[in-house]
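Report on one structure; see the data block that follows.
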Amino acid sequence: MHPIQNVVLAALWAVVVWRLPSAVRVVKQRSVWISFASLAAANTLAHRGVECPLNGLTGINNLAALARNLIGIIGFSAFVQFVVSVARPQVIRYSRRLLTVFGFVGAFALVLLFAVIPRPYNVDDFFEVYTGRPLGIAYCCVFLGYLGVSTAIATCLFTAYSRRTEDAWLRAGLRLLGAGTALGAFYALFCAARMLSRLAHQPLVADDHKALMAAHIIQDTAIALVVVGNSIPACGVLWRTLGYWRTLRRLRPLWSALANAVPDVILEAPVHRCPRVRLHRQVIEIHDAMLVLASYVPPQLREQAHRHAAQVLQDEEGRTALAQALWLHAACEAKRAGIRPLAHSVEEPAAHPEHLAFDFDFDFDTEVTRIQQLCDAYNSPTVEAFAREHRLEHA
């Protein structure tokens, strides 16, 4: 086996192992895991260290070639089923039945043709040796036809779905998957055309060695594109998860300060392991604390905070975040000092709805960005200096 094929095979088994936990947990992921496991097993059977012992132990010449092709049909069927479940979930029930029927028909045709093909000895490349005979070409065309139709359907679905998705990572992965399946369809067409042209004694490519090398390059490239395209969306999920953890750590000082002043806002429900859920919960608790602390801020202090922020910053968003941080810091100190809330300040949140409004239909990422700006402003030297001046004024 060529070194490049060894690399591709190792990558396939790595994907199989990597996706096994998700396949166990999520039913929807099992079909894609079956497809990669089948592809890895089929390529493993092409290795001489596996192929020769299997043929020798069973006493059936070229049994490994049949097993490899049958496993391939299972893998292609599972792969198309996965693509349909993602891109066209409304037709998955009907497509599953059709794929099952066509899979059984293709497998039965392969077994039947394999049984009637004379195979007096084992050969290294079953397709190459038997493509000069009508029965051998029929066998190869059945398999290549199933491969070509499956990859063509997958290409159409991947291309259509990539146009609809807004996630950049998923879109890039779908496009690479579509490119890989398109190359797979081209590989099937190229091999079938080459075999039929050899049967007609009009070879498509005069040099068989170069043609075979080109076919292997196309096949390995298609598999590599599918492996990489399948991994990119998962890498996007990992990148977003790391981003949520970073944001959680970044908001922790603000959350701690507000929760220390208003401990009642901390939810009693157990903390979820998902970082996005934990971040959502942290944002909710920050907003709840802000609503409580707003009643500790007199109108004159709020206006003083806005004037001070306007003197320090020209950027509107930064000025708004700084003003909010200024009066929040003062409110935390007032709450911890035991000062009673102001009766008239109940209406204050309505006076500044851009600060305290919290709607579950909002853009979560935009809101998190706003809270990050507030956190940075809250921990800035400007807020500390304003707090010292405010304490001196009331000393």
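In the structure tokens, chains take letters A, B, ... by order of appearance, with residues numbered from 1 within each chain and ligands from 1 in the order shown.
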- Item | Nearby residues (only C-alpha atoms) at most 10 Å from Trp245 in chain A, same-chain spacing under 5 positions excluded, as a PyMOL selection string | chain A and resi 240+250+274-276+278-279
- Message: Need the shell around range 57-72 of chain A: protein/DNA/RNA residues with any atom at most 12 Å away, counting only C-alpha atoms. Skip same-chain ones fewer than 5 positions apart. Format as an MDAnalysis selection string?
- Response: chainID A and resid 34:52 77:79 103:115 117:130 139:147 150
DSSP alpha helix (DSSP H) residues within range 49-124 of chain A, as an mmCIF file with N, CA, C and O atoms, in the first residue's frame:
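Result file is result_6.cif:
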data_model
loop_
_atom_site.group_PDB
_atom_site.id
_atom_site.type_symbol
_atom_site.label_atom_id
_atom_site.label_comp_id
_atom_site.auth_asym_id
_atom_site.auth_seq_id
_atom_site.Cartn_x
_atom_site.Cartn_y
_atom_site.Cartn_z
ATOM 1 N N GLY A 49 -1.635 -7.312 3.915
ATOM 2 C CA GLY A 49 -1.498 -8.039 5.165
ATOM 3 C C GLY A 49 -2.811 -8.546 5.715
ATOM 4 O O GLY A 49 -2.835 -9.431 6.575
ATOM 5 N N VAL A 50 -3.921 -7.997 5.233
ATOM 6 C CA VAL A 50 -5.255 -8.444 5.658
ATOM 7 C C VAL A 50 -5.917 -9.265 4.556
ATOM 8 O O VAL A 50 -6.584 -10.273 4.821
ATOM 9 N N GLU A 51 -5.746 -8.830 3.309
ATOM 10 C CA GLU A 51 -6.416 -9.474 2.179
ATOM 11 C C GLU A 51 -5.943 -10.920 1.984
ATOM 12 O O GLU A 51 -6.762 -11.842 1.859
ATOM 13 N N CYS A 52 -4.650 -11.122 1.962
ATOM 14 C CA CYS A 52 -4.127 -12.465 1.685
ATOM 15 C C CYS A 52 -4.508 -13.490 2.764
ATOM 16 O O CYS A 52 -4.955 -14.599 2.427
ATOM 17 N N PRO A 53 -4.379 -13.177 4.063
ATOM 18 C CA PRO A 53 -4.797 -14.155 5.070
ATOM 19 C C PRO A 53 -6.281 -14.486 4.997
ATOM 20 O O PRO A 53 -6.679 -15.640 5.211
ATOM 21 N N LEU A 54 -7.134 -13.464 4.693
ATOM 22 C CA LEU A 54 -8.571 -13.723 4.602
ATOM 23 C C LEU A 54 -8.879 -14.670 3.457
ATOM 24 O O LEU A 54 -9.655 -15.630 3.615
ATOM 25 N N ASN A 55 -8.277 -14.448 2.298
ATOM 26 C CA ASN A 55 -8.501 -15.350 1.167
ATOM 27 C C ASN A 55 -7.964 -16.746 1.464
ATOM 28 O O ASN A 55 -8.582 -17.758 1.105
ATOM 29 N N GLY A 56 -6.811 -16.800 2.129
ATOM 30 C CA GLY A 56 -6.223 -18.097 2.424
ATOM 31 C C GLY A 56 -7.008 -18.884 3.454
ATOM 32 O O GLY A 56 -7.187 -20.105 3.323
ATOM 33 N N LEU A 57 -7.492 -18.231 4.502
ATOM 34 C CA LEU A 57 -8.223 -18.923 5.563
ATOM 35 C C LEU A 57 -9.561 -19.463 5.082
ATOM 36 O O LEU A 57 -9.978 -20.565 5.463
ATOM 37 N N THR A 58 -10.246 -18.716 4.246
ATOM 38 C CA THR A 58 -11.569 -19.150 3.767
ATOM 39 C C THR A 58 -11.472 -20.100 2.579
ATOM 40 O O THR A 58 -12.412 -20.861 2.311
ATOM 41 N N LEU A 63 -12.053 -13.346 -1.979
ATOM 42 C CA LEU A 63 -13.179 -13.042 -1.091
ATOM 43 C C LEU A 63 -13.030 -11.655 -0.470
ATOM 44 O O LEU A 63 -14.027 -10.968 -0.224
ATOM 45 N N ALA A 64 -11.802 -11.232 -0.219
ATOM 46 C CA ALA A 64 -11.579 -9.909 0.376
ATOM 47 C C ALA A 64 -12.119 -8.801 -0.524
ATOM 48 O O ALA A 64 -12.630 -7.789 -0.035
ATOM 49 N N ALA A 65 -12.009 -8.998 -1.859
ATOM 50 C CA ALA A 65 -12.522 -7.989 -2.788
ATOM 51 C C ALA A 65 -14.042 -7.878 -2.662
ATOM 52 O O ALA A 65 -14.598 -6.772 -2.634
ATOM 53 N N LEU A 66 -14.733 -9.010 -2.583
ATOM 54 C CA LEU A 66 -16.190 -8.992 -2.412
ATOM 55 C C LEU A 66 -16.567 -8.356 -1.077
ATOM 56 O O LEU A 66 -17.490 -7.519 -1.014
ATOM 57 N N ALA A 67 -15.881 -8.762 -0.004
ATOM 58 C CA ALA A 67 -16.184 -8.196 1.310
ATOM 59 C C ALA A 67 -15.961 -6.686 1.316
ATOM 60 O O ALA A 67 -16.761 -5.926 1.883
ATOM 61 N N ARG A 68 -14.889 -6.252 0.664
ATOM 62 C CA ARG A 68 -14.590 -4.820 0.603
ATOM 63 C C ARG A 68 -15.699 -4.059 -0.114
ATOM 64 O O ARG A 68 -16.136 -2.993 0.333
ATOM 65 N N ASN A 69 -16.187 -4.604 -1.197
ATOM 66 C CA ASN A 69 -17.240 -3.924 -1.959
ATOM 67 C C ASN A 69 -18.585 -3.949 -1.239
ATOM 68 O O ASN A 69 -19.338 -2.966 -1.279
ATOM 69 N N LEU A 70 -18.900 -5.053 -0.563
ATOM 70 C CA LEU A 70 -20.158 -5.115 0.198
ATOM 71 C C LEU A 70 -20.135 -4.123 1.363
ATOM 72 O O LEU A 70 -21.126 -3.443 1.636
ATOM 73 N N ILE A 71 -18.993 -4.045 2.034
ATOM 74 C CA ILE A 71 -18.863 -3.063 3.120
ATOM 75 C C ILE A 71 -18.967 -1.645 2.566
ATOM 76 O O ILE A 71 -19.549 -0.750 3.193
ATOM 77 N N GLY A 72 -18.418 -1.447 1.367
ATOM 78 C CA GLY A 72 -18.522 -0.144 0.723
ATOM 79 C C GLY A 72 -19.958 0.253 0.465
ATOM 80 O O GLY A 72 -20.350 1.409 0.667
ATOM 81 N N ILE A 73 -20.790 -0.687 0.025
ATOM 82 C CA ILE A 73 -22.199 -0.393 -0.214
ATOM 83 C C ILE A 73 -22.890 0.008 1.087
ATOM 84 O O ILE A 73 -23.692 0.946 1.128
ATOM 85 N N ILE A 74 -22.578 -0.693 2.173
ATOM 86 C CA ILE A 74 -23.143 -0.330 3.476
ATOM 87 C C ILE A 74 -22.725 1.090 3.855
ATOM 88 O O ILE A 74 -23.539 1.907 4.319
ATOM 89 N N GLY A 75 -21.451 1.387 3.646
ATOM 90 C CA GLY A 75 -20.953 2.714 3.990
ATOM 91 C C GLY A 75 -21.581 3.815 3.157
ATOM 92 O O GLY A 75 -21.968 4.863 3.686
ATOM 93 N N PHE A 76 -21.708 3.612 1.846
ATOM 94 C CA PHE A 76 -22.312 4.625 0.983
ATOM 95 C C PHE A 76 -23.775 4.840 1.356
ATOM 96 O O PHE A 76 -24.269 5.978 1.385
ATOM 97 N N SER A 77 -24.491 3.754 1.645
ATOM 98 C CA SER A 77 -25.892 3.867 2.028
ATOM 99 C C SER A 77 -26.044 4.656 3.325
ATOM 100 O O SER A 77 -26.901 5.533 3.435
ATOM 101 N N ALA A 78 -25.196 4.352 4.312
ATOM 102 C CA ALA A 78 -25.259 5.067 5.590
ATOM 103 C C ALA A 78 -24.879 6.536 5.411
ATOM 104 O O ALA A 78 -25.470 7.425 6.046
ATOM 105 N N PHE A 79 -23.910 6.807 4.546
ATOM 106 C CA PHE A 79 -23.479 8.188 4.333
ATOM 107 C C PHE A 79 -24.588 9.014 3.702
ATOM 108 O O PHE A 79 -24.866 10.143 4.142
ATOM 109 N N VAL A 80 -25.243 8.473 2.680
ATOM 110 C CA VAL A 80 -26.345 9.196 2.046
ATOM 111 C C VAL A 80 -27.490 9.389 3.037
ATOM 112 O O VAL A 80 -28.136 10.442 3.068
ATOM 113 N N GLN A 81 -27.739 8.384 3.855
ATOM 114 C CA GLN A 81 -28.790 8.502 4.869
ATOM 115 C C GLN A 81 -28.482 9.641 5.839
ATOM 116 O O GLN A 81 -29.379 10.402 6.226
ATOM 117 N N PHE A 82 -27.215 9.763 6.226
ATOM 118 C CA PHE A 82 -26.821 10.862 7.110
ATOM 119 C C PHE A 82 -27.020 12.208 6.424
ATOM 120 O O PHE A 82 -27.545 13.157 7.031
ATOM 121 N N VAL A 83 -26.611 12.315 5.168
ATOM 122 C CA VAL A 83 -26.747 13.582 4.445
ATOM 123 C C VAL A 83 -28.217 13.970 4.322
ATOM 124 O O VAL A 83 -28.593 15.126 4.523
ATOM 125 N N VAL A 84 -29.067 12.994 4.009
ATOM 126 C CA VAL A 84 -30.502 13.276 3.886
ATOM 127 C C VAL A 84 -31.071 13.718 5.228
ATOM 128 O O VAL A 84 -31.879 14.648 5.303
ATOM 129 N N SER A 85 -30.656 13.076 6.318
ATOM 130 C CA SER A 85 -31.177 13.436 7.637
ATOM 131 C C SER A 85 -30.793 14.852 8.031
ATOM 132 O O SER A 85 -31.508 15.504 8.802
ATOM 133 N N VAL A 86 -29.668 15.348 7.519
ATOM 134 C CA VAL A 86 -29.223 16.701 7.834
ATOM 135 C C VAL A 86 -29.831 17.727 6.874
ATOM 136 O O VAL A 86 -30.345 18.764 7.303
ATOM 137 N N ALA A 87 -29.796 17.435 5.575
ATOM 138 C CA ALA A 87 -30.224 18.409 4.572
ATOM 139 C C ALA A 87 -31.708 18.341 4.251
ATOM 140 O O ALA A 87 -32.331 19.360 3.958
ATOM 141 N N ILE A 92 -36.619 11.675 5.319
ATOM 142 C CA ILE A 92 -35.718 10.620 5.784
ATOM 143 C C ILE A 92 -36.408 9.262 5.824
ATOM 144 O O ILE A 92 -35.797 8.226 5.546
ATOM 145 N N ARG A 93 -37.708 9.212 6.163
ATOM 146 C CA ARG A 93 -38.406 7.927 6.244
ATOM 147 C C ARG A 93 -38.460 7.245 4.886
ATOM 148 O O ARG A 93 -38.204 6.046 4.763
ATOM 149 N N TYR A 94 -38.781 8.013 3.839
ATOM 150 C CA TYR A 94 -38.867 7.433 2.503
ATOM 151 C C TYR A 94 -37.481 7.106 1.951
ATOM 152 O O TYR A 94 -37.286 6.061 1.302
ATOM 153 N N SER A 95 -36.517 7.994 2.200
ATOM 154 C CA SER A 95 -35.182 7.752 1.673
ATOM 155 C C SER A 95 -34.545 6.532 2.327
ATOM 156 O O SER A 95 -33.812 5.787 1.676
ATOM 157 N N ARG A 96 -34.833 6.305 3.610
ATOM 158 C CA ARG A 96 -34.264 5.141 4.286
ATOM 159 C C ARG A 96 -34.749 3.843 3.641
ATOM 160 O O ARG A 96 -33.973 2.906 3.452
ATOM 161 N N ARG A 97 -36.021 3.811 3.289
ATOM 162 C CA ARG A 97 -36.554 2.617 2.634
ATOM 163 C C ARG A 97 -35.918 2.406 1.268
ATOM 164 O O ARG A 97 -35.530 1.280 0.917
ATOM 165 N N LEU A 98 -35.817 3.499 0.483
ATOM 166 C CA LEU A 98 -35.226 3.373 -0.849
ATOM 167 C C LEU A 98 -33.766 2.955 -0.769
ATOM 168 O O LEU A 98 -33.309 2.084 -1.536
ATOM 169 N N LEU A 99 -33.026 3.554 0.148
ATOM 170 C CA LEU A 99 -31.619 3.206 0.297
ATOM 171 C C LEU A 99 -31.440 1.756 0.726
ATOM 172 O O LEU A 99 -30.530 1.065 0.263
ATOM 173 N N THR A 100 -32.324 1.280 1.591
ATOM 174 C CA THR A 100 -32.256 -0.118 2.021
ATOM 175 C C THR A 100 -32.506 -1.059 0.862
ATOM 176 O O THR A 100 -31.797 -2.056 0.662
ATOM 177 N N VAL A 101 -33.542 -0.738 0.063
ATOM 178 C CA VAL A 101 -33.880 -1.594 -1.084
ATOM 179 C C VAL A 101 -32.738 -1.615 -2.090
ATOM 180 O O VAL A 101 -32.300 -2.684 -2.541
ATOM 181 N N PHE A 102 -32.251 -0.435 -2.464
ATOM 182 C CA PHE A 102 -31.174 -0.367 -3.456
ATOM 183 C C PHE A 102 -29.890 -1.009 -2.914
ATOM 184 O O PHE A 102 -29.129 -1.621 -3.673
ATOM 185 N N GLY A 103 -29.656 -0.875 -1.621
ATOM 186 C CA GLY A 103 -28.491 -1.515 -1.030
ATOM 187 C C GLY A 103 -28.556 -3.027 -1.133
ATOM 188 O O GLY A 103 -27.571 -3.685 -1.495
ATOM 189 N N PHE A 104 -29.731 -3.587 -0.815
ATOM 190 C CA PHE A 104 -29.887 -5.034 -0.918
ATOM 191 C C PHE A 104 -29.782 -5.508 -2.368
ATOM 192 O O PHE A 104 -29.173 -6.552 -2.646
ATOM 193 N N VAL A 105 -30.366 -4.747 -3.291
ATOM 194 C CA VAL A 105 -30.283 -5.119 -4.707
ATOM 195 C C VAL A 105 -28.829 -5.086 -5.183
ATOM 196 O O VAL A 105 -28.358 -6.012 -5.872
ATOM 197 N N GLY A 106 -28.104 -4.020 -4.820
ATOM 198 C CA GLY A 106 -26.703 -3.923 -5.228
ATOM 199 C C GLY A 106 -25.857 -5.029 -4.623
ATOM 200 O O GLY A 106 -25.012 -5.631 -5.309
ATOM 201 N N ALA A 107 -26.070 -5.322 -3.336
ATOM 202 C CA ALA A 107 -25.301 -6.382 -2.682
ATOM 203 C C ALA A 107 -25.612 -7.748 -3.291
ATOM 204 O O ALA A 107 -24.700 -8.564 -3.514
ATOM 205 N N PHE A 108 -26.900 -7.994 -3.565
ATOM 206 C CA PHE A 108 -27.271 -9.279 -4.174
ATOM 207 C C PHE A 108 -26.639 -9.430 -5.552
ATOM 208 O O PHE A 108 -26.145 -10.515 -5.916
ATOM 209 N N ALA A 109 -26.637 -8.347 -6.332
ATOM 210 C CA ALA A 109 -26.033 -8.395 -7.671
ATOM 211 C C ALA A 109 -24.534 -8.661 -7.585
ATOM 212 O O ALA A 109 -23.979 -9.443 -8.376
ATOM 213 N N LEU A 110 -23.865 -8.049 -6.628
ATOM 214 C CA LEU A 110 -22.430 -8.287 -6.466
ATOM 215 C C LEU A 110 -22.144 -9.739 -6.094
ATOM 216 O O LEU A 110 -21.234 -10.371 -6.659
ATOM 217 N N VAL A 111 -22.894 -10.278 -5.151
ATOM 218 C CA VAL A 111 -22.674 -11.663 -4.725
ATOM 219 C C VAL A 111 -22.939 -12.625 -5.878
ATOM 220 O O VAL A 111 -22.181 -13.584 -6.105
ATOM 221 N N LEU A 112 -24.016 -12.390 -6.627
ATOM 222 C CA LEU A 112 -24.362 -13.259 -7.750
ATOM 223 C C LEU A 112 -23.284 -13.230 -8.829
ATOM 224 O O LEU A 112 -22.837 -14.286 -9.313
ATOM 225 N N LEU A 113 -22.863 -12.035 -9.209
ATOM 226 C CA LEU A 113 -21.833 -11.920 -10.246
ATOM 227 C C LEU A 113 -20.500 -12.479 -9.762
ATOM 228 O O LEU A 113 -19.760 -13.108 -10.540
ATOM 229 N N PHE A 114 -20.171 -12.273 -8.499
ATOM 230 C CA PHE A 114 -18.938 -12.814 -7.940
ATOM 231 C C PHE A 114 -18.944 -14.343 -7.999
ATOM 232 O O PHE A 114 -17.908 -14.977 -8.267
ATOM 233 N N ALA A 115 -20.119 -14.931 -7.765
ATOM 234 C CA ALA A 115 -20.216 -16.394 -7.751
ATOM 235 C C ALA A 115 -20.033 -16.988 -9.144
ATOM 236 O O ALA A 115 -19.495 -18.097 -9.294
ATOM 237 N N VAL A 116 -20.481 -16.283 -10.193
ATOM 238 C CA VAL A 116 -20.419 -16.853 -11.551
ATOM 239 C C VAL A 116 -19.134 -16.477 -12.291
ATOM 240 O O VAL A 116 -18.855 -17.030 -13.360
#
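Each of A:Gln300, A:Ser31, A:Gln311, A:Thr151 was compared to Leu183 in chain A using only C-alpha atoms, and A:Thr151 turns out to be the nearest.
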- From the list A:Leu258, A:Val8, A:Ala192, A:Ala172, the nearest residue to Ala222 in chain A using only C-alpha atoms is A:Val8
- Find the spatial neighbours of Glu384 in chain A, counting only C-alpha atoms, within a cut-off of 12 Å - ignore same-chain residues fewer than 3 positions away - and output them as a PyMOL selection string. chain A and resi 322+325-330+333+377-381+387-391
- Task: Would you kindly return, as a PyMOL selection string, each protein, DNA or RNA residue with an atom no farther than 9 Å from any atom of Ala182 in chain A, considering only C-alpha atoms and excluding same-chain residues fewer than 4 positions away?
- Result: chain A and resi 148+151-152+154-156+177-178+186-187+222
- Pick out the residues sitting within 12 Å of Ala261 in chain A, and hand them over as a PyMOL selection string; count only C-alpha atoms, and ignore anything fewer than 4 positions along from it in its own chain. chain A and resi 254-257+265-266+286+288-290+292-293+296+328-339
Residues near Glu303 in chain A, anyone? I mean within 12 Å using only C-alpha atoms, not counting same-chain ones fewer than 2 positions away, as a PDB file with N, CA, C and O atoms, in the first residue's frame.
ATOM      1  N   VAL A 297     -29.483  53.523  43.431  1.00  0.00           N
ATOM      2  CA  VAL A 297     -28.800  54.614  42.739  1.00  0.00           C
ATOM      3  C   VAL A 297     -29.736  55.809  42.621  1.00  0.00           C
ATOM      4  O   VAL A 297     -30.755  55.737  41.910  1.00  0.00           O
ATOM      5  N   PRO A 298     -29.446  56.921  43.295  1.00  0.00           N
ATOM      6  CA  PRO A 298     -30.284  58.122  43.141  1.00  0.00           C
ATOM      7  C   PRO A 298     -30.108  58.724  41.745  1.00  0.00           C
ATOM      8  O   PRO A 298     -29.062  58.541  41.110  1.00  0.00           O
ATOM      9  N   PRO A 299     -31.101  59.431  41.270  1.00  0.00           N
ATOM     10  CA  PRO A 299     -31.007  59.997  39.897  1.00  0.00           C
ATOM     11  C   PRO A 299     -29.802  60.901  39.707  1.00  0.00           C
ATOM     12  O   PRO A 299     -29.193  60.899  38.643  1.00  0.00           O
ATOM     13  N   GLN A 300     -29.461  61.690  40.738  1.00  0.00           N
ATOM     14  CA  GLN A 300     -28.324  62.600  40.564  1.00  0.00           C
ATOM     15  C   GLN A 300     -27.006  61.850  40.382  1.00  0.00           C
ATOM     16  O   GLN A 300     -26.124  62.279  39.620  1.00  0.00           O
ATOM     17  N   LEU A 301     -26.843  60.692  41.061  1.00  0.00           N
ATOM     18  CA  LEU A 301     -25.633  59.890  40.878  1.00  0.00           C
ATOM     19  C   LEU A 301     -25.589  59.282  39.479  1.00  0.00           C
ATOM     20  O   LEU A 301     -24.531  59.227  38.852  1.00  0.00           O
ATOM     21  N   ALA A 305     -22.711  60.039  36.769  1.00  0.00           N
ATOM     22  CA  ALA A 305     -21.947  58.978  36.107  1.00  0.00           C
ATOM     23  C   ALA A 305     -21.942  59.169  34.597  1.00  0.00           C
ATOM     24  O   ALA A 305     -20.910  58.988  33.937  1.00  0.00           O
ATOM     25  N   HIS A 306     -23.082  59.579  34.048  1.00  0.00           N
ATOM     26  CA  HIS A 306     -23.141  59.803  32.594  1.00  0.00           C
ATOM     27  C   HIS A 306     -22.272  60.989  32.188  1.00  0.00           C
ATOM     28  O   HIS A 306     -21.594  60.940  31.147  1.00  0.00           O
ATOM     29  N   ARG A 307     -22.279  62.037  32.982  1.00  0.00           N
ATOM     30  CA  ARG A 307     -21.440  63.194  32.645  1.00  0.00           C
ATOM     31  C   ARG A 307     -19.959  62.838  32.738  1.00  0.00           C
ATOM     32  O   ARG A 307     -19.168  63.237  31.872  1.00  0.00           O
ATOM     33  N   HIS A 308     -19.588  62.091  33.758  1.00  0.00           N
ATOM     34  CA  HIS A 308     -18.183  61.706  33.916  1.00  0.00           C
ATOM     35  C   HIS A 308     -17.737  60.802  32.765  1.00  0.00           C
ATOM     36  O   HIS A 308     -16.618  60.958  32.246  1.00  0.00           O
ATOM     37  N   ALA A 309     -18.599  59.861  32.365  1.00  0.00           N
ATOM     38  CA  ALA A 309     -18.250  58.970  31.253  1.00  0.00           C
ATOM     39  C   ALA A 309     -18.109  59.747  29.953  1.00  0.00           C
ATOM     40  O   ALA A 309     -17.244  59.451  29.125  1.00  0.00           O
ATOM     41  N   ALA A 310     -18.961  60.776  29.763  1.00  0.00           N
ATOM     42  CA  ALA A 310     -18.877  61.588  28.545  1.00  0.00           C
ATOM     43  C   ALA A 310     -17.590  62.376  28.486  1.00  0.00           C
ATOM     44  O   ALA A 310     -17.062  62.657  27.395  1.00  0.00           O
ATOM     45  N   THR A 320     -21.460  54.467  27.281  1.00  0.00           N
ATOM     46  CA  THR A 320     -22.629  53.880  27.944  1.00  0.00           C
ATOM     47  C   THR A 320     -22.216  52.817  28.944  1.00  0.00           C
ATOM     48  O   THR A 320     -22.721  52.772  30.069  1.00  0.00           O
ATOM     49  N   ALA A 323     -20.541  54.496  32.031  1.00  0.00           N
ATOM     50  CA  ALA A 323     -21.516  55.137  32.909  1.00  0.00           C
ATOM     51  C   ALA A 323     -22.251  54.100  33.756  1.00  0.00           C
ATOM     52  O   ALA A 323     -22.459  54.296  34.965  1.00  0.00           O
ATOM     53  N   GLN A 324     -22.615  53.014  33.134  1.00  0.00           N
ATOM     54  CA  GLN A 324     -23.306  51.956  33.875  1.00  0.00           C
ATOM     55  C   GLN A 324     -22.381  51.359  34.927  1.00  0.00           C
ATOM     56  O   GLN A 324     -22.809  51.054  36.051  1.00  0.00           O
ATOM     57  N   LEU A 326     -19.976  52.856  36.473  1.00  0.00           N
ATOM     58  CA  LEU A 326     -19.769  53.823  37.547  1.00  0.00           C
ATOM     59  C   LEU A 326     -20.870  53.741  38.593  1.00  0.00           C
ATOM     60  O   LEU A 326     -20.611  53.664  39.795  1.00  0.00           O
ATOM     61  N   TRP A 327     -22.132  53.766  38.129  1.00  0.00           N
ATOM     62  CA  TRP A 327     -23.205  53.736  39.140  1.00  0.00           C
ATOM     63  C   TRP A 327     -23.411  52.338  39.727  1.00  0.00           C
ATOM     64  O   TRP A 327     -23.856  52.196  40.871  1.00  0.00           O
ATOM     65  N   GLU A 348     -36.321  53.887  37.794  1.00  0.00           N
ATOM     66  CA  GLU A 348     -35.065  54.194  37.132  1.00  0.00           C
ATOM     67  C   GLU A 348     -34.725  53.269  35.973  1.00  0.00           C
ATOM     68  O   GLU A 348     -34.227  53.734  34.959  1.00  0.00           O
ATOM     69  N   ALA A 351     -35.977  54.466  32.821  1.00  0.00           N
ATOM     70  CA  ALA A 351     -35.335  55.678  32.302  1.00  0.00           C
ATOM     71  C   ALA A 351     -34.134  55.362  31.440  1.00  0.00           C
ATOM     72  O   ALA A 351     -33.715  56.172  30.631  1.00  0.00           O
ATOM     73  N   HIS A 352     -33.570  54.178  31.635  1.00  0.00           N
ATOM     74  CA  HIS A 352     -32.397  53.769  30.853  1.00  0.00           C
ATOM     75  C   HIS A 352     -32.603  52.337  30.360  1.00  0.00           C
ATOM     76  O   HIS A 352     -31.912  51.418  30.772  1.00  0.00           O
TER      77      HIS A 352
END
- Nearest-residue call for Ser22 in chain A, choices A:Asp376, A:Val271, A:Ala234, A:Thr382, using only C-alpha atoms: A:Ala234
